[in-house]
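Visitor: So here's run-v1.pdb (PDB, C-alpha atoms).
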```pdb
ATOM      1  CA  MET A1275      60.816 -17.262 -26.995
ATOM      2  CA  ILE A1276      58.902 -17.553 -23.729
ATOM      3  CA  PHE A1277      55.322 -16.490 -23.027
ATOM      4  CA  THR A1278      54.263 -15.898 -19.432
ATOM      5  CA  VAL A1279      51.217 -14.963 -17.385
ATOM      6  CA  GLY A1280      53.073 -11.795 -16.396
ATOM      7  CA  ASP A1281      53.520 -10.257 -12.995
ATOM      8  CA  TYR A1282      49.997 -10.878 -11.739
ATOM      9  CA  LYS A1283      49.432 -10.598  -7.991
ATOM     10  CA  VAL A1284      47.790 -13.069  -5.617
ATOM     11  CA  GLU A1285      46.004 -10.803  -3.148
ATOM     12  CA  SER A1286      44.458 -13.601  -1.079
ATOM     13  CA  ALA A1287      44.406 -17.393  -1.483
ATOM     14  CA  SER A1288      42.167 -20.130  -0.037
ATOM     15  CA  VAL A1289      39.228 -17.766   0.355
ATOM     16  CA  GLN A1290      36.188 -19.396   1.957
ATOM     17  CA  LEU A1291      32.772 -18.445   0.569
ATOM     18  CA  PRO A1292      29.588 -18.904   2.624
ATOM     19  CA  ALA A1293      27.292 -18.765  -0.418
ATOM     20  CA  GLU A1294      27.166 -17.959  -4.128
ATOM     21  CA  VAL A1295      29.070 -14.752  -4.940
ATOM     22  CA  VAL A1296      29.131 -12.452  -7.969
ATOM     23  CA  ASP A1297      32.465 -10.613  -7.998
ATOM     24  CA  TRP A1298      32.454  -6.824  -8.297
ATOM     25  CA  GLY A1299      34.141  -7.076 -11.691
ATOM     26  CA  VAL A1300      31.435  -9.351 -13.081
ATOM     27  CA  SER A1301      28.799  -6.937 -11.797
ATOM     28  CA  LEU A1302      30.571  -3.853 -13.164
ATOM     29  CA  VAL A1303      30.338  -5.086 -16.763
ATOM     30  CA  MET A1304      26.590  -5.563 -16.168
ATOM     31  CA  ALA A1305      26.603  -9.330 -16.687
ATOM     32  CA  PRO A1306      23.767  -9.995 -14.196
ATOM     33  CA  MET A1307      21.534  -7.642 -16.190
ATOM     34  CA  ALA A1308      21.921  -9.904 -19.233
ATOM     35  CA  TRP A1309      21.257 -13.219 -17.496
ATOM     36  CA  HIS A1310      17.508 -13.060 -18.015
ATOM     37  CA  LYS A1311      18.207 -13.274 -21.761
ATOM     38  CA  THR A1312      21.312 -15.442 -21.927
ATOM     39  CA  ARG A1313      23.839 -17.105 -19.659
ATOM     40  CA  GLY A1314      26.226 -18.148 -22.411
ATOM     41  CA  GLU A1315      24.445 -21.210 -23.759
ATOM     42  CA  ASN A1316      25.728 -22.742 -27.031
ATOM     43  CA  VAL A1317      29.082 -20.952 -26.896
ATOM     44  CA  LYS A1318      32.530 -22.521 -26.535
ATOM     45  CA  VAL A1319      35.389 -20.524 -25.056
ATOM     46  CA  ALA A1320      38.937 -21.829 -25.277
ATOM     47  CA  VAL A1321      40.980 -20.925 -22.205
ATOM     48  CA  LEU A1322      44.658 -21.209 -23.138
ATOM     49  CA  ASP A1323      46.575 -21.001 -19.886
ATOM     50  CA  THR A1324      48.000 -23.186 -17.080
ATOM     51  CA  GLY A1325      45.135 -25.680 -17.318
ATOM     52  CA  ILE A1326      42.093 -25.921 -15.066
ATOM     53  CA  ASP A1327      41.117 -27.432 -11.721
ATOM     54  CA  VAL A1328      39.236 -30.329 -13.296
ATOM     55  CA  ASN A1329      37.379 -31.230 -10.092
ATOM     56  CA  HIS A1330      36.389 -27.729  -9.024
ATOM     57  CA  PRO A1331      32.596 -27.713  -8.486
ATOM     58  CA  ASP A1332      32.239 -24.334 -10.207
ATOM     59  CA  LEU A1333      34.237 -25.409 -13.265
ATOM     60  CA  ALA A1334      33.822 -29.149 -13.862
ATOM     61  CA  PRO A1335      30.234 -28.967 -15.227
ATOM     62  CA  ASN A1336      31.295 -26.624 -18.031
ATOM     63  CA  ILE A1337      34.452 -28.407 -19.216
ATOM     64  CA  VAL A1338      34.002 -29.969 -22.668
ATOM     65  CA  THR A1339      37.525 -31.198 -23.314
ATOM     66  CA  GLY A1340      41.139 -30.291 -22.753
ATOM     67  CA  ARG A1341      44.690 -30.957 -23.851
ATOM     68  CA  ASN A1342      48.152 -30.509 -22.389
ATOM     69  CA  PHE A1343      50.712 -28.976 -24.750
ATOM     70  CA  THR A1344      53.467 -28.727 -22.139
ATOM     71  CA  SER A1345      54.266 -32.424 -21.623
ATOM     72  CA  ALA A1346      53.880 -35.866 -23.160
ATOM     73  CA  ASP A1347      50.908 -36.504 -20.854
ATOM     74  CA  THR A1348      48.522 -34.761 -23.239
ATOM     75  CA  ASN A1349      45.356 -35.807 -21.415
ATOM     76  CA  ASN A1350      46.408 -34.259 -18.099
ATOM     77  CA  PHE A1351      45.369 -30.611 -18.160
ATOM     78  CA  GLN A1352      45.039 -30.205 -14.385
ATOM     79  CA  ASP A1353      46.002 -26.724 -13.189
ATOM     80  CA  ASN A1354      48.585 -26.750 -10.404
ATOM     81  CA  ALA A1355      49.364 -23.041 -10.633
ATOM     82  CA  GLY A1356      45.885 -21.572 -10.198
ATOM     83  CA  HIS A1357      46.073 -18.929 -12.905
ATOM     84  CA  GLY A1358      44.113 -20.857 -15.528
ATOM     85  CA  SER A1359      41.402 -21.882 -13.070
ATOM     86  CA  HIS A1360      40.966 -18.284 -11.937
ATOM     87  CA  CYS A1361      40.564 -17.131 -15.545
ATOM     88  CA  ALA A1362      38.165 -19.968 -16.389
ATOM     89  CA  GLY A1363      35.993 -19.151 -13.386
ATOM     90  CA  LEU A1364      35.613 -15.556 -14.506
ATOM     91  CA  ILE A1365      34.389 -16.726 -17.898
ATOM     92  CA  ALA A1366      32.141 -19.616 -16.939
ATOM     93  CA  GLY A1367      32.007 -20.298 -13.226
ATOM     94  CA  CYS A1368      28.659 -22.099 -13.146
ATOM     95  CA  ASP A1369      25.529 -20.850 -11.392
ATOM     96  CA  ASN A1370      25.153 -23.770  -8.995
ATOM     97  CA  GLY A1371      24.083 -21.941  -5.842
ATOM     98  CA  ARG A1372      27.562 -21.856  -4.334
ATOM     99  CA  GLY A1373      31.012 -20.408  -4.982
ATOM    100  CA  VAL A1374      31.538 -17.827  -7.703
ATOM    101  CA  VAL A1375      29.509 -17.092 -10.822
ATOM    102  CA  GLY A1376      31.304 -16.223 -14.049
ATOM    103  CA  VAL A1377      30.200 -13.676 -16.615
ATOM    104  CA  ALA A1378      28.748 -16.435 -18.825
ATOM    105  CA  PRO A1379      27.943 -19.220 -16.339
ATOM    106  CA  ARG A1380      26.587 -21.656 -18.939
ATOM    107  CA  ALA A1381      29.263 -21.241 -21.596
ATOM    108  CA  LYS A1382      31.373 -24.322 -22.271
ATOM    109  CA  LEU A1383      35.129 -24.471 -21.811
ATOM    110  CA  LEU A1384      37.845 -25.879 -24.044
ATOM    111  CA  VAL A1385      40.970 -26.068 -21.899
ATOM    112  CA  GLY A1386      44.380 -25.813 -23.520
ATOM    113  CA  LYS A1387      47.247 -26.169 -21.049
ATOM    114  CA  ILE A1388      49.881 -24.231 -22.969
ATOM    115  CA  LEU A1389      51.734 -22.874 -19.929
ATOM    116  CA  GLY A1390      53.500 -24.984 -17.337
ATOM    117  CA  ASP A1391      53.043 -24.844 -13.594
ATOM    118  CA  ASN A1392      55.607 -22.035 -13.464
ATOM    119  CA  GLY A1393      53.324 -19.893 -15.640
ATOM    120  CA  SER A1394      55.489 -19.929 -18.756
ATOM    121  CA  GLY A1395      55.291 -21.603 -22.147
ATOM    122  CA  THR A1396      57.005 -21.750 -25.501
ATOM    123  CA  LEU A1397      56.141 -20.231 -28.857
ATOM    124  CA  GLU A1398      55.340 -23.743 -30.074
ATOM    125  CA  SER A1399      52.964 -24.623 -27.229
ATOM    126  CA  VAL A1400      51.067 -21.344 -27.611
ATOM    127  CA  ALA A1401      50.714 -21.738 -31.390
ATOM    128  CA  GLN A1402      49.641 -25.373 -31.000
ATOM    129  CA  GLY A1403      47.023 -24.340 -28.464
ATOM    130  CA  VAL A1404      45.530 -21.723 -30.768
ATOM    131  CA  LYS A1405      45.378 -24.214 -33.648
ATOM    132  CA  TRP A1406      43.759 -26.801 -31.370
ATOM    133  CA  ALA A1407      41.127 -24.280 -30.270
ATOM    134  CA  ILE A1408      40.343 -23.482 -33.904
ATOM    135  CA  GLU A1409      40.028 -27.169 -34.779
ATOM    136  CA  ASN A1410      37.727 -27.799 -31.795
ATOM    137  CA  GLY A1411      35.203 -25.153 -32.765
ATOM    138  CA  ALA A1412      35.934 -22.379 -30.292
ATOM    139  CA  ASP A1413      33.836 -19.243 -30.661
ATOM    140  CA  ILE A1414      36.279 -17.278 -28.512
ATOM    141  CA  ILE A1415      39.905 -17.828 -27.487
ATOM    142  CA  SER A1416      40.942 -16.268 -24.167
ATOM    143  CA  MET A1417      44.669 -15.754 -23.555
ATOM    144  CA  SER A1418      45.844 -14.203 -20.292
ATOM    145  CA  LEU A1419      49.500 -14.328 -21.274
ATOM    146  CA  GLY A1420      52.046 -12.532 -23.388
ATOM    147  CA  THR A1421      55.596 -11.633 -24.293
ATOM    148  CA  ASN A1422      57.212  -8.229 -24.736
ATOM    149  CA  ALA A1423      59.383  -9.478 -27.598
ATOM    150  CA  GLN A1424      57.759  -9.458 -31.027
ATOM    151  CA  PRO A1425      57.323 -13.062 -32.228
ATOM    152  CA  PRO A1426      58.237 -14.208 -35.757
ATOM    153  CA  GLU A1427      55.681 -13.694 -38.509
ATOM    154  CA  ASP A1428      54.796 -17.388 -38.808
ATOM    155  CA  PHE A1429      53.443 -17.207 -35.249
ATOM    156  CA  HIS A1430      51.249 -14.287 -36.330
ATOM    157  CA  GLU A1431      49.677 -16.520 -38.974
ATOM    158  CA  VAL A1432      47.715 -18.611 -36.450
ATOM    159  CA  PHE A1433      45.884 -15.486 -35.275
ATOM    160  CA  LYS A1434      45.116 -14.517 -38.852
ATOM    161  CA  GLU A1435      43.682 -18.012 -39.296
ATOM    162  CA  ALA A1436      41.496 -17.614 -36.211
ATOM    163  CA  MET A1437      40.116 -14.331 -37.519
ATOM    164  CA  ALA A1438      39.486 -15.877 -40.942
ATOM    165  CA  LYS A1439      37.420 -18.575 -39.200
ATOM    166  CA  GLY A1440      35.403 -15.914 -37.348
ATOM    167  CA  ILE A1441      36.947 -16.700 -33.953
ATOM    168  CA  LEU A1442      37.457 -13.794 -31.563
ATOM    169  CA  VAL A1443      40.807 -13.851 -29.772
ATOM    170  CA  VAL A1444      41.083 -11.878 -26.534
ATOM    171  CA  ALA A1445      44.461 -11.313 -24.857
ATOM    172  CA  ALA A1446      45.967  -9.490 -21.898
ATOM    173  CA  ALA A1447      47.842  -6.252 -22.513
ATOM    174  CA  GLY A1448      50.307  -7.159 -19.750
ATOM    175  CA  ASN A1449      51.228  -6.028 -16.253
ATOM    176  CA  GLU A1450      54.536  -4.173 -16.541
ATOM    177  CA  HIS A1451      53.095  -0.662 -17.041
ATOM    178  CA  GLY A1452      54.856  -0.725 -20.387
ATOM    179  CA  SER A1453      53.770  -1.269 -23.975
ATOM    180  CA  VAL A1454      51.128  -3.820 -24.980
ATOM    181  CA  ASN A1455      52.466  -7.378 -25.146
ATOM    182  CA  TRP A1456      52.057  -9.892 -27.965
ATOM    183  CA  PRO A1457      49.761 -11.498 -28.990
ATOM    184  CA  ALA A1458      47.504  -8.684 -27.714
ATOM    185  CA  ALA A1459      49.388  -6.224 -29.943
ATOM    186  CA  TYR A1460      48.230  -7.968 -33.131
ATOM    187  CA  ASP A1461      45.392  -6.332 -35.064
ATOM    188  CA  GLU A1462      43.568  -9.681 -35.082
ATOM    189  CA  VAL A1463      43.484  -9.786 -31.270
ATOM    190  CA  ILE A1464      41.390  -7.779 -28.785
ATOM    191  CA  ALA A1465      43.880  -6.209 -26.354
ATOM    192  CA  VAL A1466      42.516  -5.804 -22.822
ATOM    193  CA  THR A1467      43.722  -3.366 -20.172
ATOM    194  CA  ALA A1468      42.713  -3.383 -16.507
ATOM    195  CA  ILE A1469      40.882  -0.912 -14.284
ATOM    196  CA  GLY A1470      40.178  -0.776 -10.559
ATOM    197  CA  PRO A1471      36.903  -0.204  -8.694
ATOM    198  CA  THR A1472      37.272   3.592  -8.977
ATOM    199  CA  PHE A1473      37.455   3.275 -12.788
ATOM    200  CA  ASP A1474      41.082   4.444 -12.847
ATOM    201  CA  PRO A1475      43.568   2.462 -14.940
ATOM    202  CA  ALA A1476      45.300  -0.188 -12.847
ATOM    203  CA  THR A1477      48.791   1.005 -11.949
ATOM    204  CA  PHE A1478      50.348  -2.164 -13.391
ATOM    205  CA  SER A1479      48.380  -2.266 -16.659
ATOM    206  CA  ASN A1480      50.260  -1.969 -19.923
ATOM    207  CA  LEU A1481      49.057   0.702 -22.307
ATOM    208  CA  GLY A1482      49.373   1.807 -25.895
ATOM    209  CA  PRO A1483      47.516   2.438 -29.142
ATOM    210  CA  GLN A1484      46.704  -1.275 -29.458
ATOM    211  CA  ALA A1485      44.533  -1.177 -26.297
ATOM    212  CA  GLU A1486      40.992  -1.966 -27.457
ATOM    213  CA  VAL A1487      38.833  -2.346 -24.343
ATOM    214  CA  ALA A1488      39.170  -2.277 -20.563
ATOM    215  CA  ALA A1489      37.710  -4.459 -17.816
ATOM    216  CA  PRO A1490      38.046  -4.900 -14.045
ATOM    217  CA  GLY A1491      41.383  -6.411 -13.035
ATOM    218  CA  VAL A1492      42.063  -5.415  -9.418
ATOM    219  CA  ASN A1493      41.178  -7.623  -6.429
ATOM    220  CA  ILE A1494      39.138 -10.071  -8.496
ATOM    221  CA  LEU A1495      37.626 -13.168  -6.853
ATOM    222  CA  SER A1496      37.452 -16.454  -8.749
ATOM    223  CA  CYS A1497      38.210 -20.183  -8.651
ATOM    224  CA  PHE A1498      41.530 -21.599  -7.477
ATOM    225  CA  PRO A1499      42.833 -25.134  -6.927
ATOM    226  CA  PRO A1500      42.134 -27.297  -5.111
ATOM    227  CA  SER A1501      38.389 -26.531  -5.193
ATOM    228  CA  THR A1502      38.762 -23.188  -3.445
ATOM    229  CA  TYR A1503      38.879 -19.476  -4.340
ATOM    230  CA  ALA A1504      41.402 -16.651  -4.497
ATOM    231  CA  ILE A1505      41.619 -12.914  -5.106
ATOM    232  CA  LEU A1506      44.045 -11.959  -7.889
ATOM    233  CA  SER A1507      44.967  -8.783  -9.748
ATOM    234  CA  GLY A1508      46.197  -8.358 -13.317
ATOM    235  CA  THR A1509      45.190  -7.818 -16.913
ATOM    236  CA  SER A1510      44.975 -11.617 -16.761
ATOM    237  CA  MET A1511      41.735 -11.150 -14.813
ATOM    238  CA  ALA A1512      40.348  -8.417 -17.068
ATOM    239  CA  THR A1513      40.827 -10.589 -20.158
ATOM    240  CA  PRO A1514      38.464 -13.462 -19.227
ATOM    241  CA  ILE A1515      35.843 -10.940 -18.139
ATOM    242  CA  VAL A1516      35.887  -9.568 -21.701
ATOM    243  CA  SER A1517      35.798 -13.120 -23.071
ATOM    244  CA  GLY A1518      32.739 -13.788 -20.917
ATOM    245  CA  VAL A1519      31.035 -10.636 -22.190
ATOM    246  CA  LEU A1520      31.608 -11.806 -25.754
ATOM    247  CA  ALA A1521      30.275 -15.259 -24.842
ATOM    248  CA  LEU A1522      27.031 -13.717 -23.588
ATOM    249  CA  TYR A1523      26.663 -11.594 -26.706
ATOM    250  CA  ILE A1524      27.375 -14.425 -29.135
ATOM    251  CA  SER A1525      25.012 -16.701 -27.194
ATOM    252  CA  TYR A1526      22.286 -14.074 -27.450
ATOM    253  CA  LEU A1527      22.823 -13.671 -31.198
ATOM    254  CA  LYS A1528      22.566 -17.442 -31.637
ATOM    255  CA  SER A1529      19.326 -17.469 -29.620
ATOM    256  CA  LEU A1530      17.942 -15.020 -32.199
ATOM    257  CA  ASN A1531      19.050 -17.400 -34.980
ATOM    258  CA  GLN A1532      21.647 -14.881 -36.105
ATOM    259  CA  LYS A1533      25.041 -16.085 -37.253
ATOM    260  CA  PRO A1534      27.621 -14.002 -35.380
ATOM    261  CA  ASP A1535      29.668 -11.903 -37.790
ATOM    262  CA  TYR A1536      33.267 -11.391 -36.614
ATOM    263  CA  ASN A1537      33.564  -7.778 -37.732
ATOM    264  CA  LEU A1538      30.150  -6.747 -36.419
ATOM    265  CA  VAL A1539      30.621  -8.454 -33.056
ATOM    266  CA  ARG A1540      33.965  -6.742 -32.546
ATOM    267  CA  GLN A1541      32.592  -3.403 -33.746
ATOM    268  CA  HIS A1542      29.600  -3.651 -31.418
ATOM    269  CA  LEU A1543      31.827  -4.637 -28.482
ATOM    270  CA  ASP A1544      33.841  -1.457 -28.994
ATOM    271  CA  GLN A1545      30.845   0.797 -29.581
ATOM    272  CA  ALA A1546      28.927  -0.486 -26.548
ATOM    273  CA  THR A1547      31.685   0.442 -24.090
ATOM    274  CA  VAL A1548      31.533   3.129 -21.424
ATOM    275  CA  ASP A1549      34.079   5.752 -22.507
ATOM    276  CA  LEU A1550      36.218   6.487 -19.447
ATOM    277  CA  GLY A1551      39.271   8.315 -20.769
ATOM    278  CA  GLN A1552      39.792  10.800 -23.541
ATOM    279  CA  LEU A1553      36.869  10.966 -25.934
ATOM    280  CA  GLY A1554      37.106   8.007 -28.281
ATOM    281  CA  ARG A1555      39.926   5.477 -28.202
ATOM    282  CA  ASP A1556      42.876   6.137 -25.900
ATOM    283  CA  ILE A1557      45.987   4.310 -24.722
ATOM    284  CA  HIS A1558      44.659   3.477 -21.242
ATOM    285  CA  TYR A1559      41.103   2.231 -21.804
ATOM    286  CA  GLY A1560      40.967   1.633 -25.551
ATOM    287  CA  TYR A1561      37.362   2.415 -26.451
ATOM    288  CA  GLY A1562      36.327   2.035 -22.803
ATOM    289  CA  LEU A1563      34.883  -0.329 -20.211
ATOM    290  CA  VAL A1564      32.991  -3.270 -21.708
ATOM    291  CA  ASN A1565      29.266  -3.351 -20.951
ATOM    292  CA  VAL A1566      27.237  -6.410 -21.890
ATOM    293  CA  ALA A1567      23.879  -4.770 -21.090
ATOM    294  CA  LYS A1568      24.559  -2.178 -23.795
ATOM    295  CA  LEU A1569      25.649  -4.944 -26.170
ATOM    296  CA  ILE A1570      22.458  -6.923 -25.651
ATOM    297  CA  ALA A1571      20.342  -3.772 -25.967
ATOM    298  CA  TRP A1572      21.968  -3.228 -29.372
ATOM    299  CA  GLU A1573      19.955  -6.157 -30.691
ATOM    300  CA  GLY A1574      16.698  -5.088 -29.013
TER     301      GLY A1574
END
```
Once more with this new file: its structure as structure tokens, please.
Guide:
Amino acid sequence: MIFTVGDYKVESASVQLPAEVVDWGVSLVMAPMAWHKTRGENVKVAVLDTGIDVNHPDLAPNIVTGRNFTSADTNNFQDNAGHGSHCAGLIAGCDNGRGVVGVAPRAKLLVGKILGDNGSGTLESVAQGVKWAIENGADIISMSLGTNAQPPEDFHEVFKEAMAKGILVVAAAGNEHGSVNWPAAYDEVIAVTAIGPTFDPATFSNLGPQAEVAAPGVNILSCFPPSTYAILSGTSMATPIVSGVLALYISYLKSLNQKPDYNLVRQHLDQATVDLGQLGRDIHYGYGLVNVAKLIAWEG
């Protein structure tokens, strides 16, 4: 069984930035409004993807450790595809006065290269990556990948283990305008769909009853190797934005000396959304567009 990053679209590569930029998607989820209270400190997010541009100035300061599950060279988790770096930048592109700023610019990154440079990986590499993230103390696992074939039940067990450990797993619904992919379709995983700047569902975004929340996923600017930037579209981009929102919220709870409770964090994430579709949960937006300002306000 093969997992892939899906049919995401590179809108523009090698983008040059004159100064520090906050992408429209990061702004839409109200991340800048939370930065006076938290920027993601004391939170670890595992990005399980094609690796990361280890020398990118917006990413390198936040990398804690990494591992390659796609080859015998386990210490080489350099991203040669660009997908993983783009996702990582949306979570934790650092606020260094240049380049892009992620949703949680001071969160730390655990990098699991579970997909090869062609954007695909095996059942074994994905499961190993999730287990590694659990063992390395991830607060959140971000997975911008999926398969439309239901995996065997023993694969499901690693996501049950993550939930039992209080780790939030966030995954892309997929980009085929079909049903929600796995692992996003599991109850233990937060399935993310994509919207555009007019708040309409992205034309490519998968949909279904498993959709839990939505986030911006069209024409999204973030990091790209080597040490540059690109504009991409896909539920792959919406997913790390949600992971970044959760990183801010968990960081804020920790700053209040509160131990984040898995069920409450997930419940609050859903309840603090902006309902964009049918009243309540629907197949396009889930509960709605994530909003970190509302999440933070929940705690006063």
Visitor: Name all residues at most 12 Å from Asn1410 of chain A (count only C-alpha atoms; drop same-chain ones fewer than 2 positions away) and give them as a list in words.
Guide: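 Counting only C-alpha atoms, the residues come to Lys1318, Val1319, Ala1320, Val1338, Thr1339, Gly1340, Arg1341, Lys1382, Leu1383, Leu1384, Val1385, Gly1386, Gly1403, Val1404, Lys1405, Trp1406, Ala1407, Ile1408, Ala1412, Asp1413, Ile1414, Ile1415, Ala1436, Lys1439 and Ile1441 of chain A.
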Visitor: Starting from the PyMOL selection byres ((chain A and resi 1479) around 12), expand the selection into actual residues of this file and give them as a PDB file with C-alpha atoms, in the frame of the given file.
Guide:
```
ATOM      1  CA  GLY A1280      53.073 -11.795 -16.396  1.00  0.00           C
ATOM      2  CA  ASP A1281      53.520 -10.257 -12.995  1.00  0.00           C
ATOM      3  CA  TYR A1282      49.997 -10.878 -11.739  1.00  0.00           C
ATOM      4  CA  ALA A1446      45.967  -9.490 -21.898  1.00  0.00           C
ATOM      5  CA  ALA A1447      47.842  -6.252 -22.513  1.00  0.00           C
ATOM      6  CA  GLY A1448      50.307  -7.159 -19.750  1.00  0.00           C
ATOM      7  CA  ASN A1449      51.228  -6.028 -16.253  1.00  0.00           C
ATOM      8  CA  GLU A1450      54.536  -4.173 -16.541  1.00  0.00           C
ATOM      9  CA  HIS A1451      53.095  -0.662 -17.041  1.00  0.00           C
ATOM     10  CA  GLY A1452      54.856  -0.725 -20.387  1.00  0.00           C
ATOM     11  CA  SER A1453      53.770  -1.269 -23.975  1.00  0.00           C
ATOM     12  CA  VAL A1454      51.128  -3.820 -24.980  1.00  0.00           C
ATOM     13  CA  ASN A1455      52.466  -7.378 -25.146  1.00  0.00           C
ATOM     14  CA  ALA A1465      43.880  -6.209 -26.354  1.00  0.00           C
ATOM     15  CA  VAL A1466      42.516  -5.804 -22.822  1.00  0.00           C
ATOM     16  CA  THR A1467      43.722  -3.366 -20.172  1.00  0.00           C
ATOM     17  CA  ALA A1468      42.713  -3.383 -16.507  1.00  0.00           C
ATOM     18  CA  ILE A1469      40.882  -0.912 -14.284  1.00  0.00           C
ATOM     19  CA  GLY A1470      40.178  -0.776 -10.559  1.00  0.00           C
ATOM     20  CA  ASP A1474      41.082   4.444 -12.847  1.00  0.00           C
ATOM     21  CA  PRO A1475      43.568   2.462 -14.940  1.00  0.00           C
ATOM     22  CA  ALA A1476      45.300  -0.188 -12.847  1.00  0.00           C
ATOM     23  CA  THR A1477      48.791   1.005 -11.949  1.00  0.00           C
ATOM     24  CA  PHE A1478      50.348  -2.164 -13.391  1.00  0.00           C
ATOM     25  CA  ASN A1480      50.260  -1.969 -19.923  1.00  0.00           C
ATOM     26  CA  LEU A1481      49.057   0.702 -22.307  1.00  0.00           C
ATOM     27  CA  GLY A1482      49.373   1.807 -25.895  1.00  0.00           C
ATOM     28  CA  ALA A1485      44.533  -1.177 -26.297  1.00  0.00           C
ATOM     29  CA  ALA A1488      39.170  -2.277 -20.563  1.00  0.00           C
ATOM     30  CA  ALA A1489      37.710  -4.459 -17.816  1.00  0.00           C
ATOM     31  CA  PRO A1490      38.046  -4.900 -14.045  1.00  0.00           C
ATOM     32  CA  GLY A1491      41.383  -6.411 -13.035  1.00  0.00           C
ATOM     33  CA  VAL A1492      42.063  -5.415  -9.418  1.00  0.00           C
ATOM     34  CA  SER A1507      44.967  -8.783  -9.748  1.00  0.00           C
ATOM     35  CA  GLY A1508      46.197  -8.358 -13.317  1.00  0.00           C
ATOM     36  CA  THR A1509      45.190  -7.818 -16.913  1.00  0.00           C
ATOM     37  CA  SER A1510      44.975 -11.617 -16.761  1.00  0.00           C
ATOM     38  CA  MET A1511      41.735 -11.150 -14.813  1.00  0.00           C
ATOM     39  CA  ALA A1512      40.348  -8.417 -17.068  1.00  0.00           C
ATOM     40  CA  THR A1513      40.827 -10.589 -20.158  1.00  0.00           C
ATOM     41  CA  ILE A1557      45.987   4.310 -24.722  1.00  0.00           C
ATOM     42  CA  HIS A1558      44.659   3.477 -21.242  1.00  0.00           C
ATOM     43  CA  TYR A1559      41.103   2.231 -21.804  1.00  0.00           C
TER      44      TYR A1559
END
```
Visitor: Output as lines of an AutoDock Vina configuration file the centre and edge lengths (Å, one decimal) of the box along x, y and z of the file that holds every listed atom of segment 1390-1394 of chain A after adding 5 Å on each side.
Guide:
```
center_x = 54.3
center_y = -22.4
center_z = -16.1
size_x = 12.6
size_y = 15.1
size_z = 15.3
```
Visitor: To one decimal place, how far is atom CA of Asn1422 of chain A from atom CA of Ala1401 of chain A in Å?
Guide: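 Between these atoms lies a distance of 16.4 Å.
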Visitor: What's the 9 Å shell around Asn1329 of chain A, counting only C-alpha atoms, without same-chain residues fewer than 6 positions away, as an MDAnalysis selection string?
Guide: chainID A and resid 1352 1499:1501
Visitor: Report the distance between atom CA of Leu1506 of chain A and atom CA of Ala1546 of chain A in Å, rounded to one decimal place.
Guide: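 Going from atom CA of Leu1506 of chain A over to atom CA of Ala1546 of chain A, I get 26.6 Å.
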Visitor: Could you list the residues chosen by the PyMOL selection byres ((chain A and resi 1312-1315) around 7) in this structure as a list in words?
Guide: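 Output from the PyMOL selection byres ((chain A and resi 1312-1315) around 7), applied to this file: Ala1308, Trp1309, His1310, Lys1311, Asn1316, Val1317, Ala1378, Pro1379, Arg1380, Ala1381, Ala1521, Leu1522, Ser1525 and Tyr1526 of chain A.
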Visitor: Do you know which residues are at most 6 Å from Glu1486 of chain A counting all atoms listed in the file, after dropping those on the same chain fewer than 5 positions away, and could you put them as a PDB file with C-alpha atoms, in the coordinates of the input?
Guide:
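File written: around.pdb
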```
ATOM      1  CA  ILE A1464      41.390  -7.779 -28.785  1.00  0.00           C
ATOM      2  CA  ALA A1465      43.880  -6.209 -26.354  1.00  0.00           C
ATOM      3  CA  GLY A1560      40.967   1.633 -25.551  1.00  0.00           C
ATOM      4  CA  TYR A1561      37.362   2.415 -26.451  1.00  0.00           C
TER       5      TYR A1561
END
```
Visitor: On this structure, the PyMOL selection byres ((chain A and resi 1368) around 12) would catch which residues? List them as a count of residues only, sorted by chain and number.
Guide: 37
Visitor: Figure out the distance between atom CA of Asn1392 of chain A and atom CA of Gly1420 of chain A, please, to one decimal in Å.
Guide: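 Going from atom CA of Gly1420 of chain A over to atom CA of Asn1392 of chain A, I get 14.2 Å.
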Visitor: For a quick check of understanding, using all atoms listed in the file, which of A:Pro1471, A:Leu1527, A:Ala1567, A:Arg1540 has the smallest distance to Gly1299 of chain A?
Guide: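 Looking at the shortest contact to Gly1299 of chain A, the residue is A:Pro1471.
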